[in-house]
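The next block is final.pdb, given as PDB, C-alpha atoms and all ligand atoms.
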```
ATOM      1  CA  MET A   1     111.409  91.432 112.532  1.00  0.00           C
ATOM      2  CA  ASN A   2     114.612  91.642 114.537  1.00  0.00           C
ATOM      3  CA  THR A   3     116.369  94.248 112.392  1.00  0.00           C
ATOM      4  CA  PRO A   4     117.106  97.218 114.649  1.00  0.00           C
ATOM      5  CA  ILE A   5     115.016 100.251 113.688  1.00  0.00           C
ATOM      6  CA  GLY A   6     116.628 103.666 113.949  1.00  0.00           C
ATOM      7  CA  LEU A   7     113.567 105.768 113.213  1.00  0.00           C
ATOM      8  CA  ALA A   8     109.805 105.560 112.683  1.00  0.00           C
ATOM      9  CA  VAL A   9     108.133 108.042 110.331  1.00  0.00           C
ATOM     10  CA  LEU A  10     104.468 108.895 110.774  1.00  0.00           C
ATOM     11  CA  PRO A  11     102.922 110.744 107.807  1.00  0.00           C
ATOM     12  CA  TRP A  12      99.971 112.868 108.926  1.00  0.00           C
ATOM     13  CA  GLY A  13      97.531 114.364 106.420  1.00  0.00           C
ATOM     14  CA  ALA A  14      93.932 115.595 106.321  1.00  0.00           C
ATOM     15  CA  THR A  15      90.691 114.918 104.487  1.00  0.00           C
ATOM     16  CA  GLU A  16      89.483 118.251 103.177  1.00  0.00           C
ATOM     17  CA  ALA A  17      88.194 120.086 100.126  1.00  0.00           C
ATOM     18  CA  HIS A  18      91.013 121.296  97.808  1.00  0.00           C
ATOM     19  CA  ASN A  19      89.482 123.818  95.413  1.00  0.00           C
ATOM     20  CA  LEU A  20      87.287 122.075  92.804  1.00  0.00           C
ATOM     21  CA  HIS A  21      89.979 120.171  90.911  1.00  0.00           C
ATOM     22  CA  LEU A  22      91.992 118.250  93.536  1.00  0.00           C
ATOM     23  CA  PRO A  23      90.844 115.259  95.628  1.00  0.00           C
ATOM     24  CA  TYR A  24      89.990 115.456  99.329  1.00  0.00           C
ATOM     25  CA  SER A  25      92.870 113.038  99.912  1.00  0.00           C
ATOM     26  CA  THR A  26      95.479 115.461  98.498  1.00  0.00           C
ATOM     27  CA  ASP A  27      97.403 115.951 101.760  1.00  0.00           C
ATOM     28  CA  ILE A  28      97.441 112.199 102.439  1.00  0.00           C
ATOM     29  CA  ILE A  29      98.736 111.262  98.972  1.00  0.00           C
ATOM     30  CA  GLU A  30     101.428 113.965  98.972  1.00  0.00           C
ATOM     31  CA  THR A  31     102.663 113.185 102.465  1.00  0.00           C
ATOM     32  CA  GLU A  32     102.641 109.392 102.061  1.00  0.00           C
ATOM     33  CA  ARG A  33     104.568 109.565  98.789  1.00  0.00           C
ATOM     34  CA  ILE A  34     107.156 111.973 100.170  1.00  0.00           C
ATOM     35  CA  ALA A  35     107.593 109.786 103.267  1.00  0.00           C
ATOM     36  CA  SER A  36     108.001 106.516 101.384  1.00  0.00           C
ATOM     37  CA  GLU A  37     110.274 107.936  98.680  1.00  0.00           C
ATOM     38  CA  ALA A  38     112.477 109.756 101.204  1.00  0.00           C
ATOM     39  CA  ALA A  39     112.677 106.690 103.455  1.00  0.00           C
ATOM     40  CA  GLY A  40     113.566 104.478 100.468  1.00  0.00           C
ATOM     41  CA  LYS A  41     116.446 106.767  99.563  1.00  0.00           C
ATOM     42  CA  ALA A  42     117.643 106.882 103.160  1.00  0.00           C
ATOM     43  CA  TRP A  43     117.372 103.080 103.461  1.00  0.00           C
ATOM     44  CA  LYS A  44     119.693 102.662 100.475  1.00  0.00           C
ATOM     45  CA  LYS A  45     122.235 104.735 102.384  1.00  0.00           C
ATOM     46  CA  GLY A  46     122.009 102.420 105.372  1.00  0.00           C
ATOM     47  CA  ALA A  47     119.386 104.127 107.538  1.00  0.00           C
ATOM     48  CA  LYS A  48     116.981 101.630 109.128  1.00  0.00           C
ATOM     49  CA  ILE A  49     113.604 103.327 108.934  1.00  0.00           C
ATOM     50  CA  ILE A  50     109.984 102.243 109.092  1.00  0.00           C
ATOM     51  CA  VAL A  51     107.204 104.323 107.564  1.00  0.00           C
ATOM     52  CA  LEU A  52     103.888 103.929 109.360  1.00  0.00           C
ATOM     53  CA  PRO A  53     100.588 104.255 107.495  1.00  0.00           C
ATOM     54  CA  ALA A  54      99.435 107.873 107.155  1.00  0.00           C
ATOM     55  CA  VAL A  55      96.850 109.236 109.548  1.00  0.00           C
ATOM     56  CA  PRO A  56      94.204 110.426 107.092  1.00  0.00           C
ATOM     57  CA  PHE A  57      92.405 113.039 109.232  1.00  0.00           C
ATOM     58  CA  GLY A  58      93.710 116.371 110.467  1.00  0.00           C
ATOM     59  CA  VAL A  59      92.552 119.445 112.365  1.00  0.00           C
ATOM     60  CA  ASN A  60      89.889 121.158 110.228  1.00  0.00           C
ATOM     61  CA  THR A  61      87.948 123.146 112.821  1.00  0.00           C
ATOM     62  CA  GLY A  62      87.742 126.118 110.432  1.00  0.00           C
ATOM     63  CA  GLN A  63      86.087 123.956 107.754  1.00  0.00           C
ATOM     64  CA  LEU A  64      83.389 122.138 109.739  1.00  0.00           C
ATOM     65  CA  ASP A  65      80.711 123.480 107.399  1.00  0.00           C
ATOM     66  CA  ILE A  66      82.379 122.154 104.221  1.00  0.00           C
ATOM     67  CA  ARG A  67      80.683 118.949 103.134  1.00  0.00           C
ATOM     68  CA  GLY A  68      82.978 115.927 103.111  1.00  0.00           C
ATOM     69  CA  THR A  69      85.705 117.528 105.196  1.00  0.00           C
ATOM     70  CA  VAL A  70      86.492 115.479 108.317  1.00  0.00           C
ATOM     71  CA  ASN A  71      87.868 117.152 111.435  1.00  0.00           C
ATOM     72  CA  LEU A  72      89.982 115.514 114.114  1.00  0.00           C
ATOM     73  CA  ASN A  73      90.219 117.743 117.174  1.00  0.00           C
ATOM     74  CA  PRO A  74      93.711 118.443 118.556  1.00  0.00           C
ATOM     75  CA  THR A  75      92.859 116.506 121.745  1.00  0.00           C
ATOM     76  CA  THR A  76      91.875 113.476 119.630  1.00  0.00           C
ATOM     77  CA  GLN A  77      95.114 113.788 117.674  1.00  0.00           C
ATOM     78  CA  TYR A  78      96.989 113.866 120.946  1.00  0.00           C
ATOM     79  CA  ALA A  79      95.252 110.655 122.110  1.00  0.00           C
ATOM     80  CA  ILE A  80      96.148 108.888 118.842  1.00  0.00           C
ATOM     81  CA  LEU A  81      99.717 110.134 118.922  1.00  0.00           C
ATOM     82  CA  LYS A  82     100.108 109.085 122.564  1.00  0.00           C
ATOM     83  CA  ASP A  83      99.020 105.501 121.780  1.00  0.00           C
ATOM     84  CA  ILE A  84     101.483 105.329 118.888  1.00  0.00           C
ATOM     85  CA  VAL A  85     104.321 106.738 121.009  1.00  0.00           C
ATOM     86  CA  ASP A  86     103.451 104.310 123.802  1.00  0.00           C
ATOM     87  CA  ASP A  87     103.795 101.345 121.403  1.00  0.00           C
ATOM     88  CA  LEU A  88     107.059 102.573 119.920  1.00  0.00           C
ATOM     89  CA  ASN A  89     108.471 103.207 123.369  1.00  0.00           C
ATOM     90  CA  ARG A  90     107.535  99.668 124.496  1.00  0.00           C
ATOM     91  CA  GLN A  91     109.131  98.210 121.353  1.00  0.00           C
ATOM     92  CA  ALA A  92     112.378 100.161 121.800  1.00  0.00           C
ATOM     93  CA  ILE A  93     111.846 102.177 118.617  1.00  0.00           C
ATOM     94  CA  ASN A  94     112.847 105.363 120.342  1.00  0.00           C
ATOM     95  CA  LYS A  95     112.897 107.935 117.551  1.00  0.00           C
ATOM     96  CA  LEU A  96     109.796 109.243 115.796  1.00  0.00           C
ATOM     97  CA  LEU A  97     109.348 111.859 113.098  1.00  0.00           C
ATOM     98  CA  ILE A  98     105.846 113.116 112.393  1.00  0.00           C
ATOM     99  CA  LEU A  99     105.907 114.179 108.744  1.00  0.00           C
ATOM    100  CA  ASN A 100     103.132 116.711 108.479  1.00  0.00           C
ATOM    101  CA  GLY A 101     101.354 117.697 105.279  1.00  0.00           C
ATOM    102  CA  HIS A 102      98.492 119.863 106.539  1.00  0.00           C
ATOM    103  CA  GLY A 103      98.632 123.458 107.763  1.00  0.00           C
ATOM    104  CA  GLY A 104      95.945 122.941 110.429  1.00  0.00           C
ATOM    105  CA  ASN A 105      98.004 120.281 112.205  1.00  0.00           C
ATOM    106  CA  ASP A 106     100.429 121.428 114.884  1.00  0.00           C
ATOM    107  CA  PHE A 107     102.249 118.816 116.929  1.00  0.00           C
ATOM    108  CA  LYS A 108     104.713 120.997 118.794  1.00  0.00           C
ATOM    109  CA  GLN A 109     102.870 121.267 122.098  1.00  0.00           C
ATOM    110  CA  MET A 110     101.952 117.566 121.970  1.00  0.00           C
ATOM    111  CA  ILE A 111     105.617 116.708 121.544  1.00  0.00           C
ATOM    112  CA  ARG A 112     106.479 118.774 124.607  1.00  0.00           C
ATOM    113  CA  GLU A 113     103.839 116.963 126.668  1.00  0.00           C
ATOM    114  CA  LEU A 114     104.737 113.480 125.383  1.00  0.00           C
ATOM    115  CA  GLY A 115     108.433 114.152 125.897  1.00  0.00           C
ATOM    116  CA  ALA A 116     107.755 114.679 129.590  1.00  0.00           C
ATOM    117  CA  ILE A 117     105.803 111.408 129.805  1.00  0.00           C
ATOM    118  CA  TYR A 118     108.246 109.348 127.703  1.00  0.00           C
ATOM    119  CA  PRO A 119     111.747 110.660 128.434  1.00  0.00           C
ATOM    120  CA  GLY A 120     113.264 107.762 126.490  1.00  0.00           C
ATOM    121  CA  MET A 121     111.559 108.843 123.278  1.00  0.00           C
ATOM    122  CA  PHE A 122     112.864 111.425 120.813  1.00  0.00           C
ATOM    123  CA  ILE A 123     109.932 112.949 118.929  1.00  0.00           C
ATOM    124  CA  CYS A 124     110.320 115.466 116.151  1.00  0.00           C
ATOM    125  CA  THR A 125     107.992 117.044 113.592  1.00  0.00           C
ATOM    126  CA  CYS A 126     108.501 118.652 110.215  1.00  0.00           C
ATOM    127  CA  ASN A 127     106.262 120.310 107.654  1.00  0.00           C
ATOM    128  CA  TRP A 128     107.562 119.052 104.304  1.00  0.00           C
ATOM    129  CA  TYR A 129     105.987 122.026 102.497  1.00  0.00           C
ATOM    130  CA  GLN A 130     108.459 124.295 104.300  1.00  0.00           C
ATOM    131  CA  SER A 131     111.537 122.191 103.522  1.00  0.00           C
ATOM    132  CA  VAL A 132     112.547 124.065 100.360  1.00  0.00           C
ATOM    133  CA  GLU A 133     111.996 127.615  99.091  1.00  0.00           C
ATOM    134  CA  ASN A 134     108.688 127.218  97.198  1.00  0.00           C
ATOM    135  CA  SER A 135     109.176 130.490  95.275  1.00  0.00           C
ATOM    136  CA  GLU A 136     112.129 128.887  93.446  1.00  0.00           C
ATOM    137  CA  PHE A 137     109.709 126.410  91.884  1.00  0.00           C
ATOM    138  CA  PHE A 138     106.408 128.247  91.505  1.00  0.00           C
ATOM    139  CA  GLU A 139     105.200 131.624  90.238  1.00  0.00           C
ATOM    140  CA  LYS A 140     102.249 132.041  92.582  1.00  0.00           C
ATOM    141  CA  ASP A 141     102.046 131.473  96.294  1.00  0.00           C
ATOM    142  CA  GLY A 142      98.876 130.485  98.085  1.00  0.00           C
ATOM    143  CA  GLY A 143      98.950 127.735 100.651  1.00  0.00           C
ATOM    144  CA  HIS A 144      96.002 125.536  99.771  1.00  0.00           C
ATOM    145  CA  ALA A 145      95.253 123.765  96.485  1.00  0.00           C
ATOM    146  CA  ASP A 146      97.572 126.351  94.954  1.00  0.00           C
ATOM    147  CA  GLU A 147     100.113 126.082  92.109  1.00  0.00           C
ATOM    148  CA  MET A 148     102.426 123.971  94.284  1.00  0.00           C
ATOM    149  CA  GLU A 149      99.831 121.426  95.402  1.00  0.00           C
ATOM    150  CA  THR A 150      98.261 121.250  91.958  1.00  0.00           C
ATOM    151  CA  SER A 151     101.624 120.644  90.270  1.00  0.00           C
ATOM    152  CA  LEU A 152     102.515 118.012  92.838  1.00  0.00           C
ATOM    153  CA  MET A 153      99.233 116.162  92.369  1.00  0.00           C
ATOM    154  CA  GLN A 154      99.437 116.439  88.566  1.00  0.00           C
ATOM    155  CA  TYR A 155     102.736 114.603  88.907  1.00  0.00           C
ATOM    156  CA  LEU A 156     101.858 112.128  91.676  1.00  0.00           C
ATOM    157  CA  ALA A 157      98.239 111.248  90.922  1.00  0.00           C
ATOM    158  CA  PRO A 158      97.197 112.663  87.531  1.00  0.00           C
ATOM    159  CA  ASP A 159      94.114 110.418  87.362  1.00  0.00           C
ATOM    160  CA  LEU A 160      92.706 112.197  90.413  1.00  0.00           C
ATOM    161  CA  VAL A 161      93.167 115.768  89.145  1.00  0.00           C
ATOM    162  CA  LEU A 162      90.500 117.481  87.038  1.00  0.00           C
ATOM    163  CA  PRO A 163      91.503 119.725  84.112  1.00  0.00           C
ATOM    164  CA  LEU A 164      92.502 123.217  85.271  1.00  0.00           C
ATOM    165  CA  GLY A 165      89.563 124.678  83.356  1.00  0.00           C
ATOM    166  CA  GLN A 166      87.343 123.179  86.046  1.00  0.00           C
ATOM    167  CA  ALA A 167      89.301 124.711  88.935  1.00  0.00           C
ATOM    168  CA  GLY A 168      88.100 127.766  90.838  1.00  0.00           C
ATOM    169  CA  LYS A 169      90.267 130.903  90.943  1.00  0.00           C
ATOM    170  CA  GLY A 170      91.560 130.215  94.435  1.00  0.00           C
ATOM    171  CA  SER A 171      91.344 133.882  95.349  1.00  0.00           C
ATOM    172  CA  ALA A 172      91.225 134.597  99.068  1.00  0.00           C
ATOM    173  CA  LYS A 173      90.206 137.522 101.253  1.00  0.00           C
ATOM    174  CA  LYS A 174      92.623 139.088 103.701  1.00  0.00           C
ATOM    175  CA  PHE A 175      91.937 140.046 107.314  1.00  0.00           C
ATOM    176  CA  ARG A 176      90.854 143.619 108.052  1.00  0.00           C
ATOM    177  CA  ILE A 177      93.271 143.512 111.018  1.00  0.00           C
ATOM    178  CA  LYS A 178      96.811 144.343 109.880  1.00  0.00           C
ATOM    179  CA  ALA A 179      98.744 142.266 112.407  1.00  0.00           C
ATOM    180  CA  LEU A 180      96.901 139.105 111.351  1.00  0.00           C
ATOM    181  CA  ASN A 181      98.017 139.609 107.739  1.00  0.00           C
ATOM    182  CA  GLU A 182     101.564 140.242 108.929  1.00  0.00           C
ATOM    183  CA  LYS A 183     101.303 136.917 110.733  1.00  0.00           C
ATOM    184  CA  TRP A 184     102.775 138.004 114.046  1.00  0.00           C
ATOM    185  CA  ALA A 185      99.245 137.741 115.423  1.00  0.00           C
ATOM    186  CA  TRP A 186      97.218 134.659 114.650  1.00  0.00           C
ATOM    187  CA  THR A 187      93.652 133.450 114.619  1.00  0.00           C
ATOM    188  CA  GLU A 188      91.952 130.653 112.749  1.00  0.00           C
ATOM    189  CA  ARG A 189      90.444 131.547 109.388  1.00  0.00           C
ATOM    190  CA  LYS A 190      86.788 130.691 108.768  1.00  0.00           C
ATOM    191  CA  TRP A 191      87.480 129.063 105.442  1.00  0.00           C
ATOM    192  CA  LEU A 192      84.212 129.705 103.607  1.00  0.00           C
ATOM    193  CA  GLN A 193      84.336 133.392 104.545  1.00  0.00           C
ATOM    194  CA  VAL A 194      87.817 133.646 103.024  1.00  0.00           C
ATOM    195  CA  THR A 195      87.448 131.642  99.802  1.00  0.00           C
ATOM    196  CA  LYS A 196      84.531 130.715  97.544  1.00  0.00           C
ATOM    197  CA  ASP A 197      85.990 127.522  96.052  1.00  0.00           C
ATOM    198  CA  THR A 198      88.009 126.388  99.136  1.00  0.00           C
ATOM    199  CA  GLY A 199      91.280 127.082  97.275  1.00  0.00           C
ATOM    200  CA  ILE A 200      93.813 129.665  98.449  1.00  0.00           C
ATOM    201  CA  GLY A 201      96.199 130.428  95.614  1.00  0.00           C
ATOM    202  CA  ASP A 202      95.802 130.572  91.832  1.00  0.00           C
ATOM    203  CA  PRO A 203      96.497 127.065  90.436  1.00  0.00           C
ATOM    204  CA  THR A 204      96.520 127.983  86.715  1.00  0.00           C
ATOM    205  CA  ALA A 205     100.305 127.986  86.222  1.00  0.00           C
ATOM    206  CA  ALA A 206     100.636 124.415  87.584  1.00  0.00           C
ATOM    207  CA  THR A 207     102.333 121.703  85.502  1.00  0.00           C
ATOM    208  CA  PRO A 208     103.370 118.117  86.281  1.00  0.00           C
ATOM    209  CA  GLU A 209     106.950 119.013  85.328  1.00  0.00           C
ATOM    210  CA  LYS A 210     107.061 121.638  88.077  1.00  0.00           C
ATOM    211  CA  GLY A 211     105.534 119.072  90.418  1.00  0.00           C
ATOM    212  CA  GLU A 212     108.208 116.499  89.622  1.00  0.00           C
ATOM    213  CA  LYS A 213     111.050 118.953  90.191  1.00  0.00           C
ATOM    214  CA  TYR A 214     109.556 120.093  93.475  1.00  0.00           C
ATOM    215  CA  PHE A 215     108.825 116.539  94.627  1.00  0.00           C
ATOM    216  CA  ASN A 216     112.424 115.488  93.999  1.00  0.00           C
ATOM    217  CA  ALA A 217     113.779 118.509  95.855  1.00  0.00           C
ATOM    218  CA  VAL A 218     111.525 117.922  98.870  1.00  0.00           C
ATOM    219  CA  VAL A 219     112.328 114.194  98.917  1.00  0.00           C
ATOM    220  CA  GLU A 220     116.050 114.994  98.868  1.00  0.00           C
ATOM    221  CA  LYS A 221     115.738 117.350 101.847  1.00  0.00           C
ATOM    222  CA  VAL A 222     113.457 115.068 103.862  1.00  0.00           C
ATOM    223  CA  SER A 223     115.626 112.058 103.082  1.00  0.00           C
ATOM    224  CA  GLN A 224     118.680 113.813 104.532  1.00  0.00           C
ATOM    225  CA  LEU A 225     116.663 114.653 107.651  1.00  0.00           C
ATOM    226  CA  LEU A 226     115.710 110.973 108.019  1.00  0.00           C
ATOM    227  CA  ILE A 227     119.350 109.925 107.728  1.00  0.00           C
ATOM    228  CA  ASP A 228     120.442 112.543 110.267  1.00  0.00           C
ATOM    229  CA  LEU A 229     117.705 111.537 112.708  1.00  0.00           C
ATOM    230  CA  SER A 230     118.396 107.860 112.236  1.00  0.00           C
ATOM    231  CA  ASN A 231     122.100 108.336 112.928  1.00  0.00           C
ATOM    232  CA  ALA A 232     121.606 110.731 115.844  1.00  0.00           C
ATOM    233  CA  ASP A 233     122.467 109.791 119.403  1.00  0.00           C
ATOM    234  CA  ILE A 234     119.497 111.192 121.317  1.00  0.00           C
ATOM    235  CA  ASN A 235     121.681 111.645 124.395  1.00  0.00           C
ATOM    236  CA  ASP A 236     124.181 113.725 122.450  1.00  0.00           C
ATOM    237  CA  LEU A 237     122.219 116.106 120.220  1.00  0.00           C
ATOM    238  CA  TYR A 238     124.125 119.340 120.775  1.00  0.00           C
ATOM    239  CA  GLU A 239     127.513 120.694 119.825  1.00  0.00           C
TER     240      GLU A 239
HETATM  241 ZN    ZN B 301      96.653 120.355 100.932  1.00  0.00          ZN
END
```
Serialized structure, structure tokens:
Amino acid sequence: MNTPIGLAVLPWGATEAHNLHLPYSTDIIETERIASEAAGKAWKKGAKIIVLPAVPFGVNTGQLDIRGTVNLNPTTQYAILKDIVDDLNRQAINKLLILNGHGGNDFKQMIRELGAIYPGMFICTCNWYQSVENSEFFEKDGGHADEMETSLMQYLAPDLVLPLGQAGKGSAKKFRIKALNEKWAWTERKWLQVTKDTGIGDPTAATPEKGEKYFNAVVEKVSQLLIDLSNADINDLYE
């Protein structure tokens, strides 16, 4: 209980439909496993890290009409995050990484606001799915219940993945407005108008072997981040 703690990691997922073959808990399982594995590796190298339980609900305002999907509004997320930061701050655990596993979650503005309220806290966020170049591991891109997520879940939780023959195609419509497809303009996608089976990305080339390779690569990258954050002096971050 009295071991000094250099960093707290908060995995944050979502509960949402993932095509027809992956569980609703996909983002939670992936993010929790990456957090615990990466923290374990970092711990062995001397970093004192705690991994908090994953927050199981994310922002799913574009999927409110999909049965079983649970939305947490950004303002609710902020209230939860603020309570967690308040506790850590009181307990002198002054570094926090939010490890995010869901595209609808965005903690940047919350971190700005909380940083102003808790100047003694260093808060950072990272999307693990952007930590390595996914095209080096997978043939087809997508973003949701795609080849990457399917491979990862085939490796991490095979009992929870249905055979690929039962998966939908994961084909998705594009915007009619060019700038939105180029991604320099942004709006939320109404999920059921974009995809029939809730998947975005063809999962058919997925294998557990690809998932294992990808998992190990992501864990390696995240683990190094945890070590760097744990060792960092928050009053001397720049060079
Ligand atoms: Zn997902």
I'd like a table as a Markdown table: residues in chain A with an atom no more than 6 Å from ligand ZN 301 (chain B), each row giving the shortest atom pair and its distance in Å to one decimal, all atoms listed in the file counted, sorted by chain and rising residue number.
```
| residue | atom | partner | partner_atom | distance |
| --- | --- | --- | --- | --- |
| A:Thr26 | CA | B:ZN301 | ZN | 5.6 |
| A:Asp27 | CA | B:ZN301 | ZN | 4.5 |
| A:His102 | CA | B:ZN301 | ZN | 5.9 |
| A:His144 | CA | B:ZN301 | ZN | 5.3 |
| A:Ala145 | CA | B:ZN301 | ZN | 5.8 |
```
For this file, the PyMOL selection byres (((chain A and resi 55-63) around 8) and not hetatm) selects which residues, as a list of chain:residue names?
-> A:Leu10, A:Pro11, A:Trp12, A:Gly13, A:Ala14, A:Thr15, A:Glu16, A:Ser25, A:Ile28, A:Pro53, A:Ala54, A:Leu64, A:Asp65, A:Ile66, A:Thr69, A:Val70, A:Asn71, A:Leu72, A:Asn73, A:Pro74, A:Gln77, A:His102, A:Gly104, A:Asn105, A:Glu188, A:Arg189, A:Lys190, A:Trp191, A:Leu192
Those residues you just picked out, can you put them in a file as a PDB file, in the frame of the given file with C-alpha atoms?
```
ATOM      1  CA  LEU A  10     104.468 108.895 110.774  1.00  0.00           C
ATOM      2  CA  PRO A  11     102.922 110.744 107.807  1.00  0.00           C
ATOM      3  CA  TRP A  12      99.971 112.868 108.926  1.00  0.00           C
ATOM      4  CA  GLY A  13      97.531 114.364 106.420  1.00  0.00           C
ATOM      5  CA  ALA A  14      93.932 115.595 106.321  1.00  0.00           C
ATOM      6  CA  THR A  15      90.691 114.918 104.487  1.00  0.00           C
ATOM      7  CA  GLU A  16      89.483 118.251 103.177  1.00  0.00           C
ATOM      8  CA  SER A  25      92.870 113.038  99.912  1.00  0.00           C
ATOM      9  CA  ILE A  28      97.441 112.199 102.439  1.00  0.00           C
ATOM     10  CA  PRO A  53     100.588 104.255 107.495  1.00  0.00           C
ATOM     11  CA  ALA A  54      99.435 107.873 107.155  1.00  0.00           C
ATOM     12  CA  LEU A  64      83.389 122.138 109.739  1.00  0.00           C
ATOM     13  CA  ASP A  65      80.711 123.480 107.399  1.00  0.00           C
ATOM     14  CA  ILE A  66      82.379 122.154 104.221  1.00  0.00           C
ATOM     15  CA  THR A  69      85.705 117.528 105.196  1.00  0.00           C
ATOM     16  CA  VAL A  70      86.492 115.479 108.317  1.00  0.00           C
ATOM     17  CA  ASN A  71      87.868 117.152 111.435  1.00  0.00           C
ATOM     18  CA  LEU A  72      89.982 115.514 114.114  1.00  0.00           C
ATOM     19  CA  ASN A  73      90.219 117.743 117.174  1.00  0.00           C
ATOM     20  CA  PRO A  74      93.711 118.443 118.556  1.00  0.00           C
ATOM     21  CA  GLN A  77      95.114 113.788 117.674  1.00  0.00           C
ATOM     22  CA  HIS A 102      98.492 119.863 106.539  1.00  0.00           C
ATOM     23  CA  GLY A 104      95.945 122.941 110.429  1.00  0.00           C
ATOM     24  CA  ASN A 105      98.004 120.281 112.205  1.00  0.00           C
ATOM     25  CA  GLU A 188      91.952 130.653 112.749  1.00  0.00           C
ATOM     26  CA  ARG A 189      90.444 131.547 109.388  1.00  0.00           C
ATOM     27  CA  LYS A 190      86.788 130.691 108.768  1.00  0.00           C
ATOM     28  CA  TRP A 191      87.480 129.063 105.442  1.00  0.00           C
ATOM     29  CA  LEU A 192      84.212 129.705 103.607  1.00  0.00           C
TER      30      LEU A 192
END
```
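Our summary of the geometry notes that CA of Thr125 in chain A is positioned 19.3 Å from CA of Ala92 in chain A.
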For the file shown, what are the residues hit by the PyMOL selection byres (((chain A and resi 108) around 12) and not hetatm), laid out as a list in words?
-> Pro74, Tyr78, Leu81, Leu97, Ile98, Asn100, Asn105, Asp106, Phe107, Gln109, Met110, Ile111, Arg112, Glu113, Leu114, Gly115, Ile123, Cys124, Thr125, Cys126 and Asn127 of chain A
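Here the PyMOL selection byres (((chain A and resi 22) around 8) and not hetatm) matches the residues Ala17, His18, Asn19, Leu20, His21, Pro23, Tyr24, Thr26, Ala145, Thr150, Met153, Leu160, Val161 and Leu162 of chain A.
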Dump as a PDB file, in the frame of the given file, selection limited to C-alpha atoms:
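Final file, again23.pdb:
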```
ATOM      1  CA  ALA A  17      88.194 120.086 100.126  1.00  0.00           C
ATOM      2  CA  HIS A  18      91.013 121.296  97.808  1.00  0.00           C
ATOM      3  CA  ASN A  19      89.482 123.818  95.413  1.00  0.00           C
ATOM      4  CA  LEU A  20      87.287 122.075  92.804  1.00  0.00           C
ATOM      5  CA  HIS A  21      89.979 120.171  90.911  1.00  0.00           C
ATOM      6  CA  PRO A  23      90.844 115.259  95.628  1.00  0.00           C
ATOM      7  CA  TYR A  24      89.990 115.456  99.329  1.00  0.00           C
ATOM      8  CA  THR A  26      95.479 115.461  98.498  1.00  0.00           C
ATOM      9  CA  ALA A 145      95.253 123.765  96.485  1.00  0.00           C
ATOM     10  CA  THR A 150      98.261 121.250  91.958  1.00  0.00           C
ATOM     11  CA  MET A 153      99.233 116.162  92.369  1.00  0.00           C
ATOM     12  CA  LEU A 160      92.706 112.197  90.413  1.00  0.00           C
ATOM     13  CA  VAL A 161      93.167 115.768  89.145  1.00  0.00           C
ATOM     14  CA  LEU A 162      90.500 117.481  87.038  1.00  0.00           C
TER      15      LEU A 162
END
```
Nearest to Trp43 in chain A: which of A:Asn134, A:Asn89, A:Ser223, A:Thr75 is it, counting only C-alpha atoms?
-> A:Ser223
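Residue neighbourhood of Lys210 in chain A, excluding near-sequence residues (fewer than 2 positions): Phe137, Phe138, Met148, Ser151, Leu152, Tyr155, Ala206, Thr207, Pro208, Glu212, Lys213, Tyr214 and Phe215 of chain A, at 9 Å, using all atoms listed in the file.
If you measure from each of A:Asn181, A:Thr195, A:Gln154, A:Ser230 to Asn94 in chain A using only C-alpha atoms, the closest one turns out to be A:Ser230.
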Correct to one decimal, the distance CA of Gly143 in chain A-CA of Asp197 in chain A is 13.8 Å
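Note that CA of Tyr129 in chain A and CA of Asp233 in chain A are 26.6 Å apart.
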With only C-alpha atoms as the atoms that count, which of A:Val218, A:Ala79, A:Leu96, A:Leu52 lies nearest to Glu133 in chain A?
-> A:Val218
Cut-off 12 Å around (116.9, 117.6, 98.6) with only C-alpha atoms: residues as number ranges by chain = A: 34, 37-38, 41-42, 128, 131-133, 213-226
Scan for residues within 12 Å of the point (92.5, 129.0, 84.2) in the coordinates of the file, using all atoms listed in the file, and reply as a list in words.
-> His21, Glu147, Pro163, Leu164, Gly165, Gln166, Ala167, Gly168, Lys169, Gly170, Asp202, Pro203, Thr204, Ala205 and Ala206 of chain A
Given all atoms listed in the file as the counted atoms, nearest of A:Asp236, A:Asp83, A:Asp228, A:Glu136 to Lys45 in chain A | A:Asp228
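The closest residue to Lys140 in chain A, picked from A:Ile93, A:Ile200, A:Phe122, A:Asp87 and counting only C-alpha atoms, is A:Ile200.
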